Amino acid sequence: MYKCLLWGTGKQFSCSTQVIKYYEQRQEIEIVGITSNEKIYSQILGWTFIPKHEISNYSIDIVIVMIEDPDINVFEEIYSKGFKYEDVIDIKVLKLPAFSFENYLWIKKDTPTIFSPMCWGGVTYHSLGLKFKSPFINMFLLEDDYMQFLDDPKSFIEHEISYKKTGWSEIMKKEYPIADCDGIELHFNHYNSFEEAKSSWDRRKKRINWDNILAMMFTDNLDVAERFLKMNYTKKMLFISFEMNAEEAIYLNLADYRDGIDLWTAVNDTAKGKYVNYDIFKMMKDGELSFLI
């Protein structure tokens with residue numbers, strides 16, 4: 001049982017107490033107390049209020065942040081109290097389907113690097129409150145280029161990227177930089193300049209956990225799907241728009257979704273939590289694809 005400190009007594013706290021009570025009843029956590037900048041409390045809902053200057057007097061395993069959209073200053077204050085990144089959980093993650101303290105804390109300590117040809121990886125990191133351990137954030141690759149990358153990722157990562165040309169995003173109605181990386185194109189559609197994109201790419205590629213890679217792919221093409229499934233990745237998941245007998249494949253029947261949705265959008269929406277589909281915690285930890293529907 002993990003000893004927990006709740007951090008924050010505002011609106012998010014008021015909206016999330018039943019989630020905490022649920023895990024208390026499951027005997028997964030014990031609430032040592034709750035803290036914030038308020039001075040009016042001695043206890044809240046039976047939980048002891050602990051002034052921030054007294055936190056060091058208590059034995060605490062985990063800090064659960066009960067603040068809506070906490071900024072970096074919140075986390076820096078928590079770290080200043082002696083807690084590490086691995087000890088801190090955003091309350092929003094506890095509300096996700098299939099959340100497990102054991103699995104999530106393991107993921108925080110050994111976060112997989114997600115290789116993804118579109119925003120799914122970055123959205124997944126954000127939804128789980130994890131650091132970006134991949135350079136594939138706020139960008140995309142075309143299918144053929146991405147498959148080339150997966151064939152020999154270290155070679156491409158070690159290659160210096162260079163500006164190639166300017167692209168146009170019809171969705172965002174803006175131009176964006178396209179980089180060359182040893183013959184494949186990197187589409188930085190969420191960046192305003194190549195310099196900004198390159199800086200992010202170079203910084204994040206240093207965080208790659210080569211011992212823990214999760215390769216994700218989506219495709220409408222059977223040949224591409226079969227090629228991906230043969231690749232030597234311990235953890236991999238494939239989104240497809242057709243039925244296929246494969247343990248790593250997630251079939252999204254687009255006819256069951258709203259009219260006009262494409263595979264790209266449906267896949268991204270699963271990471272945003274719009275469509276409940278798979279257990280992302282088991283996938284991130286063990287590479288096991290477990291369905292929730």
# chains A, B, ... in the order shown; residues from 1 in each chain; ligands from 1
$ residues_around --residues "Tyr191 (chain A)" --least-positions-apart "4" --cutoff "8 Å" --atoms "only C-alpha atoms" --output "PyMOL selection string"
chain A and resi 138+176-177+196-197
$ write_last_selection --atoms "C-alpha atoms" --output "CSV table (one decimal), in the first residue's frame"
chain,number,residue,atom,x,y,z
A,138,ASN,CA,4.3,17.4,-32.8
A,176,TYR,CA,5.7,24.4,-41.7
A,177,PRO,CA,9.3,23.2,-42.2
A,196,GLU,CA,12.8,25.5,-33.6
A,197,ALA,CA,12.1,22.0,-35.0
$ residues_around --residues "Ile280 (chain A)" --least-positions-apart "4" --cutoff "9 Å" --atoms "only C-alpha atoms" --output "list in words"
Pro97, Ala98, Phe99, Thr124, Ala271, Met284, Lys285, Glu288, Leu289 and Ser290 of chain A
$ select_by_dssp --residues "region 36-285 of chain A" --states "strand (DSSP E or B)" --output "ChimeraX atom specification"
/A:43-44,47-49,62-65,88-90,113-115,140,162-169,174-181,184-187,213-219,235-240,249-251,278
$ write_last_selection --atoms "N, CA and C atoms" --output "short mmCIF file (atom, residue, chain, number, x, y, z; two decimals), in the first residue's frame"
data_model
loop_
_atom_site.label_atom_id
_atom_site.label_comp_id
_atom_site.auth_asym_id
_atom_site.auth_seq_id
_atom_site.Cartn_x
_atom_site.Cartn_y
_atom_site.Cartn_z
N GLN A 43 -8.16 19.63 8.86
CA GLN A 43 -8.42 18.37 8.19
C GLN A 43 -9.50 18.60 7.13
N ILE A 44 -9.54 17.72 6.12
CA ILE A 44 -10.53 17.80 5.06
C ILE A 44 -11.04 16.40 4.78
N TRP A 47 -9.15 13.64 6.20
CA TRP A 47 -7.71 13.61 5.93
C TRP A 47 -7.02 14.75 6.66
N THR A 48 -5.87 14.48 7.21
CA THR A 48 -5.10 15.49 7.93
C THR A 48 -4.53 16.52 6.96
N PHE A 49 -4.68 17.79 7.32
CA PHE A 49 -4.04 18.84 6.52
C PHE A 49 -2.62 19.05 7.03
N ILE A 62 4.21 8.67 -2.41
CA ILE A 62 3.71 9.26 -3.65
C ILE A 62 3.02 10.57 -3.36
N VAL A 63 3.22 11.54 -4.25
CA VAL A 63 2.47 12.79 -4.21
C VAL A 63 1.48 12.77 -5.36
N ILE A 64 0.20 12.93 -5.06
CA ILE A 64 -0.84 12.99 -6.09
C ILE A 64 -1.24 14.46 -6.25
N VAL A 65 -1.00 15.00 -7.44
CA VAL A 65 -1.25 16.42 -7.69
C VAL A 65 -2.73 16.62 -8.00
N VAL A 88 5.72 11.34 -8.33
CA VAL A 88 4.63 12.30 -8.49
C VAL A 88 3.66 11.84 -9.58
N ILE A 89 2.37 11.88 -9.26
CA ILE A 89 1.33 11.46 -10.20
C ILE A 89 0.27 12.55 -10.30
N ASP A 90 -0.11 12.88 -11.53
CA ASP A 90 -1.21 13.81 -11.76
C ASP A 90 -2.53 13.06 -11.59
N THR A 113 10.40 4.58 -25.10
CA THR A 113 10.46 5.53 -26.20
C THR A 113 9.45 5.09 -27.24
N ILE A 114 8.55 5.99 -27.61
CA ILE A 114 7.52 5.66 -28.60
C ILE A 114 7.97 6.14 -29.97
N PHE A 115 8.07 5.21 -30.90
CA PHE A 115 8.24 5.55 -32.31
C PHE A 115 6.85 5.57 -32.93
N PHE A 140 5.05 14.53 -38.15
CA PHE A 140 4.62 13.27 -38.75
C PHE A 140 5.58 12.88 -39.87
N SER A 162 18.63 18.25 -41.88
CA SER A 162 18.84 19.53 -42.56
C SER A 162 17.53 20.01 -43.17
N TYR A 163 17.43 21.30 -43.37
CA TYR A 163 16.22 21.86 -43.96
C TYR A 163 16.09 21.40 -45.41
N LYS A 164 14.87 21.01 -45.81
CA LYS A 164 14.63 20.57 -47.19
C LYS A 164 13.70 21.51 -47.93
N LYS A 165 12.53 21.77 -47.34
CA LYS A 165 11.55 22.63 -48.02
C LYS A 165 10.45 23.01 -47.04
N THR A 166 9.51 23.78 -47.53
CA THR A 166 8.37 24.20 -46.72
C THR A 166 7.12 23.43 -47.15
N GLY A 167 6.37 22.96 -46.17
CA GLY A 167 5.11 22.27 -46.45
C GLY A 167 3.93 23.13 -46.05
N TRP A 168 2.74 22.66 -46.37
CA TRP A 168 1.51 23.39 -46.06
C TRP A 168 0.54 22.46 -45.34
N SER A 169 0.04 22.91 -44.19
CA SER A 169 -0.97 22.15 -43.44
C SER A 169 -2.34 22.72 -43.76
N LYS A 174 -1.40 26.70 -42.35
CA LYS A 174 -0.11 27.34 -42.11
C LYS A 174 1.01 26.56 -42.80
N GLU A 175 2.09 27.26 -43.08
CA GLU A 175 3.28 26.61 -43.59
C GLU A 175 4.08 26.02 -42.44
N TYR A 176 4.88 25.00 -42.77
CA TYR A 176 5.71 24.38 -41.74
C TYR A 176 6.98 23.83 -42.40
N PRO A 177 8.05 23.65 -41.62
CA PRO A 177 9.32 23.16 -42.18
C PRO A 177 9.33 21.65 -42.36
N ILE A 178 9.93 21.21 -43.45
CA ILE A 178 10.17 19.79 -43.70
C ILE A 178 11.68 19.57 -43.72
N ALA A 179 12.14 18.60 -42.94
CA ALA A 179 13.57 18.34 -42.84
C ALA A 179 13.93 17.05 -43.57
N ASP A 180 15.17 17.00 -44.01
CA ASP A 180 15.71 15.77 -44.59
C ASP A 180 16.55 15.06 -43.54
N CYS A 181 16.32 13.75 -43.43
CA CYS A 181 17.10 12.94 -42.50
C CYS A 181 17.59 11.70 -43.25
N ILE A 184 14.96 10.53 -45.80
CA ILE A 184 13.54 10.51 -45.44
C ILE A 184 13.13 11.91 -44.97
N GLU A 185 11.85 12.20 -45.09
CA GLU A 185 11.34 13.53 -44.73
C GLU A 185 10.69 13.52 -43.36
N LEU A 186 11.03 14.54 -42.57
CA LEU A 186 10.39 14.76 -41.27
C LEU A 186 9.52 15.99 -41.39
N HIS A 187 8.22 15.82 -41.23
CA HIS A 187 7.26 16.92 -41.37
C HIS A 187 6.97 17.52 -40.00
N ILE A 213 11.73 0.20 -26.41
CA ILE A 213 11.09 0.88 -27.53
C ILE A 213 9.68 0.33 -27.75
N LEU A 214 8.73 1.22 -27.91
CA LEU A 214 7.38 0.86 -28.33
C LEU A 214 7.17 1.42 -29.73
N ALA A 215 7.06 0.52 -30.71
CA ALA A 215 6.85 0.94 -32.10
C ALA A 215 5.37 0.89 -32.42
N MET A 216 4.83 2.00 -32.88
CA MET A 216 3.42 2.09 -33.25
C MET A 216 3.30 2.38 -34.73
N MET A 217 2.30 1.80 -35.38
CA MET A 217 2.05 2.04 -36.80
C MET A 217 0.56 2.03 -37.07
N PHE A 218 0.13 2.76 -38.07
CA PHE A 218 -1.25 2.68 -38.54
C PHE A 218 -1.23 2.65 -40.06
N THR A 219 -2.14 1.88 -40.66
CA THR A 219 -2.12 1.76 -42.11
C THR A 219 -3.43 1.19 -42.64
N LYS A 235 7.93 -4.57 -28.26
CA LYS A 235 6.66 -3.88 -28.02
C LYS A 235 6.23 -3.19 -29.31
N LYS A 236 5.10 -3.59 -29.83
CA LYS A 236 4.59 -2.93 -31.03
C LYS A 236 3.08 -3.04 -31.08
N MET A 237 2.46 -2.03 -31.66
CA MET A 237 1.01 -2.05 -31.84
C MET A 237 0.68 -1.44 -33.19
N LEU A 238 -0.32 -2.02 -33.83
CA LEU A 238 -0.67 -1.66 -35.19
C LEU A 238 -2.16 -1.34 -35.27
N PHE A 239 -2.49 -0.16 -35.76
CA PHE A 239 -3.88 0.22 -35.99
C PHE A 239 -4.20 0.00 -37.47
N ILE A 240 -5.27 -0.73 -37.75
CA ILE A 240 -5.65 -1.02 -39.13
C ILE A 240 -7.15 -0.81 -39.33
N ALA A 249 -2.44 -6.25 -33.51
CA ALA A 249 -3.26 -5.37 -34.35
C ALA A 249 -4.55 -4.92 -33.65
N ILE A 250 -4.87 -3.65 -33.85
CA ILE A 250 -6.12 -3.08 -33.35
C ILE A 250 -6.97 -2.69 -34.57
N TYR A 251 -8.06 -3.39 -34.76
CA TYR A 251 -8.94 -3.15 -35.90
C TYR A 251 -9.94 -2.05 -35.54
N TYR A 278 -7.99 0.14 -25.72
CA TYR A 278 -6.94 -0.78 -25.27
C TYR A 278 -6.36 -0.31 -23.94
#
$ closest_residue --among "A:Pro117, A:Gly129, A:Gly33, A:Gly10" --to "Leu141 (chain A)" --atoms "only C-alpha atoms"
A:Pro117
$ closest_residue --among "A:Asp262, A:Asp202, A:Glu102, A:Asp145" --to "Lys282 (chain A)" --atoms "only C-alpha atoms"
A:Glu102
$ closest_residue --among "A:His53, A:Arg207, A:Lys95, A:His190" --to "Asp110 (chain A)" --atoms "only C-alpha atoms"
A:Arg207
$ atom_distance --atom1 "CA of Ala255 (chain A)" --atom2 "CA of Tyr146 (chain A)"
26.7 Å
$ select_by_dssp --residues "region 89-278 of chain A" --states "alpha helix (DSSP H)" --output "PyMOL selection string"
chain A and resi 91-94+101-109+120-127+143-151+153-158+194-205+222-229+263-272
$ write_last_selection --atoms "C-alpha atoms" --output "compact mmCIF listing (two decimals), in the first residue's frame"
# COMPACT_ATOMS: atom_id res chain seq x y z
CA ILE A 91 -4.75 12.99 -10.58
CA LYS A 92 -5.96 12.92 -14.21
CA VAL A 93 -3.99 9.71 -14.79
CA LEU A 94 -5.84 7.91 -11.97
CA PHE A 101 -0.46 2.12 -9.46
CA GLU A 102 1.99 -0.74 -9.89
CA ASN A 103 2.06 -0.52 -13.69
CA TYR A 104 2.13 3.27 -13.80
CA LEU A 105 4.96 3.66 -11.30
CA TRP A 106 6.96 1.10 -13.28
CA ILE A 107 6.33 3.10 -16.46
CA LYS A 108 7.47 6.33 -14.80
CA LYS A 109 10.75 4.68 -13.76
CA TRP A 120 -0.29 9.49 -31.27
CA GLY A 121 2.98 9.13 -29.36
CA GLY A 122 3.09 12.69 -28.09
CA VAL A 123 -0.60 12.63 -27.16
CA THR A 124 -0.08 9.35 -25.29
CA TYR A 125 2.83 10.79 -23.28
CA HIS A 126 0.74 13.87 -22.47
CA SER A 127 -2.34 11.86 -21.46
CA GLU A 143 4.26 5.87 -44.52
CA ASP A 144 7.19 4.80 -46.71
CA ASP A 145 9.64 7.08 -44.89
CA TYR A 146 8.53 5.83 -41.49
CA MET A 147 8.89 2.19 -42.49
CA GLN A 148 12.43 2.96 -43.70
CA PHE A 149 13.17 4.55 -40.35
CA LEU A 150 11.91 1.50 -38.44
CA ASP A 151 14.20 -0.76 -40.49
CA PRO A 153 16.33 3.60 -36.49
CA LYS A 154 19.77 4.18 -34.96
CA SER A 155 21.25 5.06 -38.33
CA PHE A 156 18.64 7.75 -38.95
CA ILE A 157 18.78 9.11 -35.39
CA GLU A 158 22.56 9.50 -35.62
CA PHE A 194 13.25 24.69 -38.99
CA GLU A 195 15.54 26.01 -36.24
CA GLU A 196 12.84 25.45 -33.62
CA ALA A 197 12.07 21.98 -34.97
CA LYS A 198 15.73 20.94 -35.11
CA SER A 199 16.36 22.13 -31.58
CA SER A 200 13.49 20.00 -30.27
CA TRP A 201 14.50 17.00 -32.39
CA ASP A 202 18.15 17.13 -31.26
CA ARG A 203 17.19 17.57 -27.61
CA ARG A 204 14.62 14.78 -27.51
CA LYS A 205 16.56 12.20 -29.50
CA LEU A 222 -2.21 -4.99 -45.91
CA ASP A 223 1.36 -5.27 -47.27
CA VAL A 224 2.57 -2.52 -44.96
CA ALA A 225 0.79 -4.13 -42.02
CA GLU A 226 2.43 -7.50 -42.67
CA ARG A 227 5.84 -5.88 -43.07
CA PHE A 228 5.46 -3.99 -39.79
CA LEU A 229 4.39 -7.10 -37.88
CA LEU A 263 -7.96 6.29 -39.77
CA TRP A 264 -5.48 9.01 -38.78
CA THR A 265 -8.13 10.86 -36.74
CA ALA A 266 -9.58 7.72 -35.17
CA VAL A 267 -6.11 6.57 -34.05
CA ASN A 268 -5.22 9.94 -32.55
CA ASP A 269 -8.57 10.08 -30.76
CA THR A 270 -7.81 6.80 -28.97
CA ALA A 271 -4.74 8.46 -27.42
CA LYS A 272 -6.83 11.46 -26.38
$ closest_residue --among "A:Tyr257, A:Phe13, A:Trp210, A:Phe83" --to "Thr111 (chain A)" --atoms "only C-alpha atoms"
A:Trp210
$ closest_residue --among "A:Gly260, A:Leu45, A:Pro112, A:Ser134" --to "Met283 (chain A)" --atoms "only C-alpha atoms"
A:Pro112
$ residues_around --residues "region 66-68 of chain A" --least-positions-apart "4" --cutoff "10 Å" --atoms "only C-alpha atoms" --output "ChimeraX atom specification"
/A:5-17,34-36,74,89-92
$ write_last_selection --atoms "N, CA and C atoms" --output "PDB file, in the first residue's frame"
ATOM      1  N   LEU A   5       0.471  11.663  -0.392  1.00  0.00           N
ATOM      2  CA  LEU A   5       0.167  13.040  -0.020  1.00  0.00           C
ATOM      3  C   LEU A   5      -0.613  13.664  -1.158  1.00  0.00           C
ATOM      4  N   LEU A   6      -1.774  14.247  -0.859  1.00  0.00           N
ATOM      5  CA  LEU A   6      -2.552  14.959  -1.862  1.00  0.00           C
ATOM      6  C   LEU A   6      -2.091  16.409  -1.890  1.00  0.00           C
ATOM      7  N   TRP A   7      -1.791  16.909  -3.097  1.00  0.00           N
ATOM      8  CA  TRP A   7      -1.227  18.264  -3.227  1.00  0.00           C
ATOM      9  C   TRP A   7      -2.244  19.158  -3.941  1.00  0.00           C
ATOM     10  N   GLY A   8      -2.883  20.042  -3.178  1.00  0.00           N
ATOM     11  CA  GLY A   8      -3.849  20.970  -3.762  1.00  0.00           C
ATOM     12  C   GLY A   8      -5.234  20.793  -3.166  1.00  0.00           C
ATOM     13  N   THR A   9      -5.924  21.914  -2.907  1.00  0.00           N
ATOM     14  CA  THR A   9      -7.261  21.857  -2.300  1.00  0.00           C
ATOM     15  C   THR A   9      -8.283  22.672  -3.085  1.00  0.00           C
ATOM     16  N   GLY A  10      -8.024  22.876  -4.371  1.00  0.00           N
ATOM     17  CA  GLY A  10      -8.916  23.697  -5.175  1.00  0.00           C
ATOM     18  C   GLY A  10     -10.007  22.908  -5.878  1.00  0.00           C
ATOM     19  N   LYS A  11     -10.399  23.393  -7.039  1.00  0.00           N
ATOM     20  CA  LYS A  11     -11.518  22.815  -7.794  1.00  0.00           C
ATOM     21  C   LYS A  11     -11.241  21.373  -8.183  1.00  0.00           C
ATOM     22  N   GLN A  12     -10.030  21.076  -8.644  1.00  0.00           N
ATOM     23  CA  GLN A  12      -9.705  19.712  -9.067  1.00  0.00           C
ATOM     24  C   GLN A  12      -9.790  18.750  -7.886  1.00  0.00           C
ATOM     25  N   PHE A  13      -9.392  19.214  -6.719  1.00  0.00           N
ATOM     26  CA  PHE A  13      -9.522  18.389  -5.524  1.00  0.00           C
ATOM     27  C   PHE A  13     -10.985  18.061  -5.253  1.00  0.00           C
ATOM     28  N   SER A  14     -11.830  19.070  -5.321  1.00  0.00           N
ATOM     29  CA  SER A  14     -13.256  18.881  -5.042  1.00  0.00           C
ATOM     30  C   SER A  14     -13.898  17.905  -6.021  1.00  0.00           C
ATOM     31  N   CYS A  15     -13.405  17.911  -7.269  1.00  0.00           N
ATOM     32  CA  CYS A  15     -13.983  17.057  -8.311  1.00  0.00           C
ATOM     33  C   CYS A  15     -13.409  15.643  -8.308  1.00  0.00           C
ATOM     34  N   SER A  16     -12.369  15.416  -7.514  1.00  0.00           N
ATOM     35  CA  SER A  16     -11.631  14.152  -7.645  1.00  0.00           C
ATOM     36  C   SER A  16     -11.565  13.335  -6.364  1.00  0.00           C
ATOM     37  N   THR A  17     -12.222  13.779  -5.313  1.00  0.00           N
ATOM     38  CA  THR A  17     -12.108  13.066  -4.036  1.00  0.00           C
ATOM     39  C   THR A  17     -12.652  11.648  -4.121  1.00  0.00           C
ATOM     40  N   ILE A  34      -3.051  15.942   3.246  1.00  0.00           N
ATOM     41  CA  ILE A  34      -3.242  16.814   2.096  1.00  0.00           C
ATOM     42  C   ILE A  34      -2.613  18.165   2.401  1.00  0.00           C
ATOM     43  N   THR A  35      -2.048  18.800   1.376  1.00  0.00           N
ATOM     44  CA  THR A  35      -1.387  20.082   1.592  1.00  0.00           C
ATOM     45  C   THR A  35      -1.768  21.078   0.504  1.00  0.00           C
ATOM     46  N   SER A  36      -1.628  22.330   0.795  1.00  0.00           N
ATOM     47  CA  SER A  36      -1.810  23.422  -0.166  1.00  0.00           C
ATOM     48  C   SER A  36      -1.330  24.703   0.507  1.00  0.00           C
ATOM     49  N   VAL A  74       4.571  24.120 -10.207  1.00  0.00           N
ATOM     50  CA  VAL A  74       3.983  23.207  -9.215  1.00  0.00           C
ATOM     51  C   VAL A  74       4.910  22.032  -8.983  1.00  0.00           C
ATOM     52  N   ILE A  89       2.366  11.882  -9.259  1.00  0.00           N
ATOM     53  CA  ILE A  89       1.328  11.461 -10.195  1.00  0.00           C
ATOM     54  C   ILE A  89       0.272  12.552 -10.297  1.00  0.00           C
ATOM     55  N   ASP A  90      -0.111  12.881 -11.529  1.00  0.00           N
ATOM     56  CA  ASP A  90      -1.210  13.814 -11.764  1.00  0.00           C
ATOM     57  C   ASP A  90      -2.529  13.063 -11.589  1.00  0.00           C
ATOM     58  N   ILE A  91      -3.468  13.644 -10.869  1.00  0.00           N
ATOM     59  CA  ILE A  91      -4.746  12.992 -10.579  1.00  0.00           C
ATOM     60  C   ILE A  91      -5.479  12.560 -11.851  1.00  0.00           C
ATOM     61  N   LYS A  92      -5.249  13.267 -12.966  1.00  0.00           N
ATOM     62  CA  LYS A  92      -5.958  12.924 -14.207  1.00  0.00           C
ATOM     63  C   LYS A  92      -5.622  11.508 -14.670  1.00  0.00           C
TER      64      LYS A  92
END
$ closest_residue --among "A:Asp69, A:Arg26, A:Lys274, A:Cys4" --to "Ile55 (chain A)" --atoms "only C-alpha atoms"
A:Cys4
$ residues_around --residues "Met1 (chain A)" --least-positions-apart "6" --cutoff "12 Å" --atoms "only C-alpha atoms" --output "PyMOL selection string"
chain A and resi 23-32+60-62+101-102
$ atom_distance --atom1 "CA of Phe291 (chain A)" --atom2 "CA of Asn277 (chain A)"
5.9 Å
$ atom_distance --atom1 "CA of Tyr2 (chain A)" --atom2 "CA of Ile78 (chain A)"
17.5 Å
